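**Student:** Please find one structure pasted underneath; my questions will follow.
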Amino acid sequence: MAVSGFEGFEKRLELHFSGDDPAIGKMGLRQLDYFSLEKVLHAVQCTVVSAVGNKYFDSYVLSESSLFVYPTKIIIKTCGTIQLLKSIRLLADHAIKMGLTLRGCRYTRGSFIFPDAQPYPHTSFKEEVLYFEKDLPKNLSYKKAGVMNSKSCHKWHVFTACDEGHMGVMEDMLVDDSYTVEICMTELDRVLAKKFFRRFNDGKTGDSAGLEMTEITGINDINRNALICDYAFDPCGYSMNGIDRNRYSTVHVTPEDGFSYASFECIGSIYDEREELAEVLKKVMKIFGPATMSVSTTCPSGHEVWRGLAKAIEPLGMRLRSCTTDEFPAAGSVVYQTFTTRRK
Ligand SMILES: C[S@+](CC[C@H](N)C(=O)[O-])C[C@H]1O[C@@H](n2cnc3c(N)ncnc32)[C@H](O)[C@@H]1O
């Protein structure tokens, strides 16, 4: 932890693979044994605290956020001072042994609360991009790095890369029509944040205390169909992964006053009812009562999953402050919206 506090803002990496064996679509990367996975996580200095899977994918709650393993896709999200980019080469090497080739990569993050505490290459976005240039396989030659600004000091950093076959939007994204929403919240309501602290000597395990937090905060109500894997840290902090068919959702909370932070992320389909995402966003906002919030949506170009979100949450006391749009190869449209409470 930084001397001043824990860095809640996550770094998120999504890697897409493909291979010739038709059976890859069923298991693929999920065949990676637990020992090898642990070695990758150990190299970036985090551990698995809880895991659950279904017929579509495996999900892991980590000591510093979450990991999702699909047959041809890996999503790894870490907070604190984890050197996430170190995992790329290791994961790509394991994939090669399984007959899979890295075809696309997407990296996103917000602005760190404690940027000076970050180790190389996370010392600046420029260093991160240089690291990608150096470390990514040469076939991923279509690249774009962009910083999306807001009216405040918060920025959204995006880097994508893909090979020729994946130009435009990643192949499997076109097939599954998915979008990703990443919500970052700071300055949480103090009373609500207190619910993510454990009582001294509560006699509970991380799992049982996590389950209790999931219920008393209403996190279990965000998606009633999701199978939830939750964990409460000691003395405070909370992480959960929800799995619902081929979709995941994930929540991470750093409740300490002065640097409080919570994140919510989920995937959905561009064909979902538009109100569904707005309802989720409203529930998330009520659970945390943040003073500032950013909502980043990534979806195939030409779709507008972000529309209507501002209208849905403004009656709850937040005001849209900025909205920035950009297009990225291998990702599609990224829309970055920032909100603050009206009193700010
Ligand atoms: C891992 S969790 C949630 C991560 C998420 N990205 C976030 O910051 O919202 C971080 C919270 O758990 C607390 N915590 C307690 N023990 C921890 C541990 N061993 N590793 C990581 N965080 C721990 C931190 O102080 C912080 O409040």
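Each chain in the structure tokens gets a letter, A, B and so on, in the order shown; residues start at 1 in every chain, and ligands are counted from 1 in the order they appear.
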Contacts of A:Lys144 at 10 Å or less, counting only C-alpha atoms, minus same-chain residues fewer than 4 places along, as a PDB file with N, CA and C atoms, in the first residue's frame?

**Tutor:**
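Resulting contents of part_22.pdb:
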```pdb
ATOM      1  N   ARG A 106      -6.734  -5.125 -25.320  1.00  0.00           N
ATOM      2  CA  ARG A 106      -7.337  -3.837 -24.935  1.00  0.00           C
ATOM      3  C   ARG A 106      -6.952  -3.523 -23.495  1.00  0.00           C
ATOM      4  N   VAL A 129       2.428   2.640 -22.771  1.00  0.00           N
ATOM      5  CA  VAL A 129       2.319   2.431 -24.223  1.00  0.00           C
ATOM      6  C   VAL A 129       3.653   1.924 -24.780  1.00  0.00           C
ATOM      7  N   VAL A 158      -6.821   4.601 -22.837  1.00  0.00           N
ATOM      8  CA  VAL A 158      -7.193   3.415 -23.631  1.00  0.00           C
ATOM      9  C   VAL A 158      -6.056   3.077 -24.593  1.00  0.00           C
ATOM     10  N   PHE A 159      -5.685   1.815 -24.612  1.00  0.00           N
ATOM     11  CA  PHE A 159      -4.725   1.342 -25.617  1.00  0.00           C
ATOM     12  C   PHE A 159      -5.296   0.067 -26.219  1.00  0.00           C
ATOM     13  N   THR A 160      -5.342  -0.010 -27.551  1.00  0.00           N
ATOM     14  CA  THR A 160      -5.787  -1.253 -28.179  1.00  0.00           C
ATOM     15  C   THR A 160      -4.787  -1.655 -29.261  1.00  0.00           C
ATOM     16  N   ALA A 161      -4.723  -2.929 -29.515  1.00  0.00           N
ATOM     17  CA  ALA A 161      -3.855  -3.440 -30.581  1.00  0.00           C
ATOM     18  C   ALA A 161      -4.483  -4.703 -31.134  1.00  0.00           C
ATOM     19  N   CYS A 162      -4.304  -4.934 -32.433  1.00  0.00           N
ATOM     20  CA  CYS A 162      -4.820  -6.163 -33.017  1.00  0.00           C
ATOM     21  C   CYS A 162      -4.018  -6.511 -34.262  1.00  0.00           C
ATOM     22  N   GLU A 327     -12.916   6.212 -31.264  1.00  0.00           N
ATOM     23  CA  GLU A 327     -12.992   4.885 -31.901  1.00  0.00           C
ATOM     24  C   GLU A 327     -11.634   4.211 -31.784  1.00  0.00           C
ATOM     25  N   PHE A 328     -11.631   2.917 -31.477  1.00  0.00           N
ATOM     26  CA  PHE A 328     -10.372   2.190 -31.331  1.00  0.00           C
ATOM     27  C   PHE A 328     -10.413   0.889 -32.129  1.00  0.00           C
ATOM     28  N   PRO A 329      -9.339   0.613 -32.890  1.00  0.00           N
ATOM     29  CA  PRO A 329      -9.304  -0.674 -33.595  1.00  0.00           C
ATOM     30  C   PRO A 329      -9.315  -1.789 -32.555  1.00  0.00           C
ATOM     31  N   ALA A 330      -9.998  -2.871 -32.838  1.00  0.00           N
ATOM     32  CA  ALA A 330     -10.074  -4.025 -31.935  1.00  0.00           C
ATOM     33  C   ALA A 330     -10.943  -3.781 -30.713  1.00  0.00           C
TER      34      ALA A 330
END
```

**Student:** From a DSSP pass on the backbone, collect the residues of stretch 97-220 of chain A flagged as strand (DSSP E or B) and hand them back as a PyMOL selection string.

**Tutor:** chain A and resi 101-109+142-148+156-162+178-186+197

**Student:** I'd like the neighbourhood of stretch 43-54 of chain A as an mmCIF file with C-alpha atoms, in the first residue's frame, where a residue qualifies if any of its atoms comes within 12 Å (using only C-alpha atoms), though same-chain residues fewer than 5 positions away should be ignored.

**Tutor:**
```cif
data_model
loop_
_atom_site.group_PDB
_atom_site.id
_atom_site.type_symbol
_atom_site.label_atom_id
_atom_site.label_comp_id
_atom_site.auth_asym_id
_atom_site.auth_seq_id
_atom_site.Cartn_x
_atom_site.Cartn_y
_atom_site.Cartn_z
ATOM 1 C CA MET A 27 -12.326 -25.060 -23.448
ATOM 2 C CA ARG A 30 -9.708 -22.708 -19.549
ATOM 3 C CA TYR A 34 -4.327 -23.764 -11.738
ATOM 4 C CA PHE A 35 -0.615 -24.069 -10.955
ATOM 5 C CA SER A 36 0.350 -22.179 -14.164
ATOM 6 C CA LEU A 37 -2.287 -19.545 -13.506
ATOM 7 C CA GLU A 38 -0.986 -19.051 -9.976
ATOM 8 C CA SER A 59 -13.976 -16.348 -12.629
ATOM 9 C CA TYR A 60 -11.444 -15.627 -9.892
ATOM 10 C CA VAL A 61 -11.551 -13.000 -7.148
ATOM 11 C CA LEU A 62 -7.969 -11.880 -6.587
ATOM 12 C CA SER A 63 -6.258 -10.230 -3.631
ATOM 13 C CA GLU A 64 -6.170 -7.213 -5.974
ATOM 14 C CA SER A 65 -9.392 -7.451 -8.029
ATOM 15 C CA SER A 66 -10.485 -10.053 -10.632
ATOM 16 C CA LEU A 67 -9.647 -12.473 -13.420
ATOM 17 C CA PHE A 68 -12.016 -13.999 -15.983
ATOM 18 C CA VAL A 69 -10.944 -16.827 -18.260
ATOM 19 C CA TYR A 70 -13.036 -17.658 -21.328
ATOM 20 C CA ILE A 76 -7.574 -9.356 -15.804
ATOM 21 C CA LYS A 77 -8.234 -6.350 -13.626
ATOM 22 C CA THR A 78 -5.921 -5.292 -10.819
ATOM 23 C CA CYS A 79 -5.751 -2.391 -8.382
ATOM 24 C CA GLY A 80 -3.055 -1.255 -5.939
ATOM 25 C CA THR A 81 0.457 -1.203 -7.350
ATOM 26 C CA ILE A 82 0.275 -4.446 -9.352
ATOM 27 C CA GLN A 83 2.474 -4.460 -12.480
ATOM 28 C CA LEU A 84 -0.301 -5.850 -14.627
ATOM 29 C CA LEU A 85 1.444 -5.549 -17.982
ATOM 30 C CA LYS A 86 4.006 -8.120 -16.889
ATOM 31 C CA SER A 87 1.279 -10.748 -17.308
ATOM 32 C CA ILE A 88 0.960 -10.302 -21.105
ATOM 33 C CA ARG A 89 4.088 -12.153 -22.149
ATOM 34 C CA LEU A 90 3.447 -14.941 -19.617
ATOM 35 C CA LEU A 91 -0.156 -15.460 -20.711
ATOM 36 C CA PRO A 119 5.889 1.174 -10.249
ATOM 37 C CA THR A 205 -13.907 -15.812 7.346
ATOM 38 C CA GLY A 206 -13.318 -13.570 4.317
ATOM 39 C CA ASP A 207 -16.010 -15.581 2.529
ATOM 40 C CA SER A 208 -18.679 -15.424 5.243
ATOM 41 C CA GLY A 210 -18.156 -11.120 2.147
ATOM 42 C CA ALA A 226 -25.996 -13.998 -10.904
ATOM 43 C CA LEU A 227 -24.047 -16.590 -8.952
ATOM 44 C CA ILE A 228 -21.906 -14.473 -6.657
ATOM 45 C CA CYS A 229 -18.431 -15.160 -5.367
ATOM 46 C CA ASP A 230 -17.565 -12.552 -2.733
ATOM 47 C CA TYR A 231 -14.778 -11.764 -0.299
ATOM 48 C CA ALA A 232 -14.375 -9.238 2.549
ATOM 49 C CA PHE A 233 -10.861 -8.118 3.418
ATOM 50 C CA TYR A 238 -14.622 -5.975 -0.531
ATOM 51 C CA SER A 239 -14.537 -7.752 -3.889
ATOM 52 C CA MET A 240 -17.094 -9.817 -5.747
ATOM 53 C CA ASN A 241 -17.548 -11.503 -9.121
ATOM 54 C CA GLY A 242 -21.022 -12.345 -10.384
ATOM 55 C CA ILE A 243 -21.535 -14.898 -13.137
ATOM 56 C CA ASP A 244 -24.717 -15.151 -15.149
ATOM 57 C CA ARG A 245 -24.537 -17.460 -18.219
ATOM 58 C CA ASN A 246 -21.664 -16.081 -20.361
ATOM 59 C CA ARG A 247 -21.681 -12.711 -18.609
ATOM 60 C CA TYR A 248 -19.720 -11.488 -15.633
#
```

**Student:** If you count only C-alpha atoms, which residues fall within 8 Å of A:Lys155, apart from same-chain ones fewer than 6 positions away, as number ranges by chain?

**Tutor:** A: 110-111, 147-149

**Student:** Using atom 4 (C, counted along the ligand's line) of ligand 1 and atom CA of A:Lys126 as the two end points, give the distance in Å to one decimal.

**Tutor:**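 So the answer is 24.3 Å.
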
**Student:** Quote the spacing between atom CA of A:Gly218 and atom 3 (C, counted along the ligand's line) of ligand 1 in Å to one decimal place.

**Tutor:**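 Calculated distance between atom CA of A:Gly218 and atom 3 (C, counted along the ligand's line) of ligand 1 is 17.3 Å.
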
**Student:** I'd like the neighbourhood of stretch 197-199 of chain A as number ranges by chain, where a residue qualifies if any of its atoms comes within 9 Å (using only C-alpha atoms), though same-chain residues fewer than 5 positions away should be ignored.

**Tutor:** A: 209, 213, 232-238, 255-256

**Student:** May I have the residues within 8 Å of A:Glu182 as a ChimeraX atom specification, using only C-alpha atoms and disregarding those fewer than 4 positions away in the same chain?

**Tutor:** /A:263-266,295-297

**Student:** Using the selection just defined, write its residues with C-alpha atoms as a JSON list (two decimals), in the first residue's frame.

**Tutor:**
```json
[["chain", "number", "residue", "atom", "x", "y", "z"],
["A", 263, "SER", "CA", -15.83, 0.09, -9.13],
["A", 264, "PHE", "CA", -18.51, -1.83, -10.96],
["A", 265, "GLU", "CA", -18.02, -3.53, -14.30],
["A", 266, "CYS", "CA", -20.24, -5.77, -16.37],
["A", 295, "VAL", "CA", -18.93, 5.56, -16.81],
["A", 296, "SER", "CA", -16.98, 4.14, -19.74],
["A", 297, "THR", "CA", -18.81, 2.04, -22.29]]
```

**Student:** Do a neighbour search on A:Ser322 at 9 Å with only C-alpha atoms, toss out local chain neighbours closer than 4 positions, and write the hits as an MDAnalysis selection string.

**Tutor:** chainID A and resid 149:152 336:339

**Student:** Hey, which of A:Glu187, A:Asp221, A:Glu7, A:Glu279 ends up closest to ligand 1? Count only C-alpha atoms and all ligand atoms.

**Tutor:**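 Nearest to ligand 1: A:Glu7.
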